[in-house]
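Q: I have a structure I would like to understand better, so I am pasting it below and will then ask my questions one at a time.
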Amino acid sequence: MTSRAACQGRAADWPAPASGLPPPAERGATVIPDRVVARIAAQAARTAQSRHAAEGRNRVAPRAPNASAAVRTGSVRLHLMMDLPYPSDLAHACERIQHDVAERVAQLTGFQVAEVVLTIRRLVTAADPGRRRVR
C-alpha cells in the first residue's frame, strides 16, 4: 500500500529527464524492416501450415513457406508461397492460414495487415508405397 501511494506523485515530483534529450514524442519511432516482418510472417505461416497438415490425413512434411512483406505507414502487405496437403478443402485452408498469419503479424508488430496474398507453390499428397504411378 505504501508503494502505491508513492507511485501516485505529481509530475513535478518525478525525476527530471536526462539533459539533452528531446521530449519522448519527438524522439522518433521504432522501425521494423520489411525483411523482419517477412520472417515473422514466414514463421506464422509455418505454424499455420503444420496445424492444417495435422488436421488432415497427410503426414508428408511440406517445404517451409516463403514470405515477403511491404511495410508502408503503419500497414503491411504480405505475400506467402507455401505447400498445402492434398486432398483437402483448399479454399478453407487458405482462408484460415491468411487469417492466422495476419493476426499473428499484427500482434507481434503492431502493424495493420492490409492484405495477405497466398500462392500455393505445390500440393503435397500422402506418400503411399503401395501405389505406383502408371506410365
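As shown in the C-alpha cells, the chain order sets the letters A, B, ...; within each chain, residues go from 1, and ligands are also counted from 1 in the order they appear.
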Using only C-alpha atoms, which residues sit within 12 Å of range 107-112 of chain A once same-chain residues fewer than 6 positions away are excluded, as a list in words?
A: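 The residues that qualify are Thr30, Val31, Ile32, Pro33, Asp34, Val36, Val37, Ala38, Arg39, Ile40, Ala41, Gln43, Ala44, Ala69, Ala70, Val71, Arg72, Thr73, Gly74, Ser75, Val76, Arg77, Leu78, Asp100 and Val101 of chain A.
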Q: As number ranges by chain, please: the residues near Arg63 in chain A (cut-off 10 Å, only C-alpha atoms, same-chain neighbours under 5 positions excluded).
A: A: 46, 49, 82-84, 121-122, 124
Q: Which residues are near range 91-93 of chain A? Cut-off 10 Å, only C-alpha atoms, ignore same chain within fewer than 4 positions. Put them as a list of chain:residue names.
A: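 The filter keeps A:Ala48, A:Gln49, A:His52, A:Ala53, A:Leu84, A:Pro85, A:Ile97, A:Gln98, A:His99.
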Q: Could you pull out all residues of range 31-93 of chain A with a DSSP call of strand (DSSP E or B) and give them as a list in words?
A: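 Output for range 31-93 of chain A, strand (DSSP E or B) only: Asn66, Ala67, Ser68, Ala69, Ala70, Val71, Arg72, Ser75, Val76, Arg77, Leu78, His79, Leu80, Met81, Met82, Asp83, Leu84, Pro85 and Tyr86 of chain A.
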Q: Which of these, A:Arg96, A:Gly20, A:Thr119, A:Ala106, has the shortest distance to Arg51 in chain A once you count only C-alpha atoms?
A: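 Selected residue with least distance to Arg51 in chain A: A:Arg96.
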Q: If we count only C-alpha atoms and set the cut-off at 6 Å, which residues sit around Asn66 in chain A, ignoring sequence neighbours fewer than 3 positions away in its own chain? Please answer as a compact mmCIF listing (two decimals) with all heavy atoms, in the first residue's frame.
A:
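The resulting file, part.txt, is shown below:
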```txt
# COMPACT_ATOMS: atom_id res chain seq x y z
N ALA A 42 6.62 -15.61 -42.20
CA ALA A 42 7.01 -16.97 -42.60
C ALA A 42 6.87 -17.93 -41.42
O ALA A 42 6.40 -19.06 -41.58
CB ALA A 42 8.44 -16.98 -43.14
N LEU A 80 2.75 -14.75 -49.36
CA LEU A 80 3.23 -16.04 -48.89
C LEU A 80 3.24 -17.03 -50.03
O LEU A 80 2.33 -17.04 -50.86
CB LEU A 80 2.31 -16.58 -47.79
CG LEU A 80 2.07 -15.71 -46.57
CD1 LEU A 80 0.98 -16.30 -45.71
CD2 LEU A 80 3.35 -15.57 -45.78
N MET A 81 4.25 -17.88 -50.07
CA MET A 81 4.31 -19.00 -51.00
C MET A 81 4.53 -20.25 -50.16
O MET A 81 5.50 -20.32 -49.40
CB MET A 81 5.46 -18.83 -51.99
CG MET A 81 5.24 -17.70 -52.97
SD MET A 81 6.59 -17.54 -54.16
CE MET A 81 6.56 -19.13 -54.93
```
Q: To one decimal in Å, tell me the separation between CA of Glu103 in chain A and CA of Thr47 in chain A.
A: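 CA of Thr47 in chain A lies 12.5 Å from CA of Glu103 in chain A.
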Q: Nearest to Glu95 in chain A among A:Leu21, A:Ala45, A:Ala67, A:Leu123, with distances taken over only C-alpha atoms: which residue is it?
A: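 Residue with the minimum atom-to-atom distance to Glu95 in chain A: A:Ala45.
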Q: What's the separation between CA of Pro24 in chain A and CA of Val105 in chain A, in Å to one decimal place?
A: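 Going from CA of Pro24 in chain A over to CA of Val105 in chain A covers 26.0 Å.
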Q: Given the choices A:Arg27, A:Ser50, A:Glu115, A:Pro22, which gets closest to Pro65 in chain A if the distance is worked out from only C-alpha atoms?
A: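 That would be A:Ser50, the residue with the smallest distance to Pro65 in chain A.
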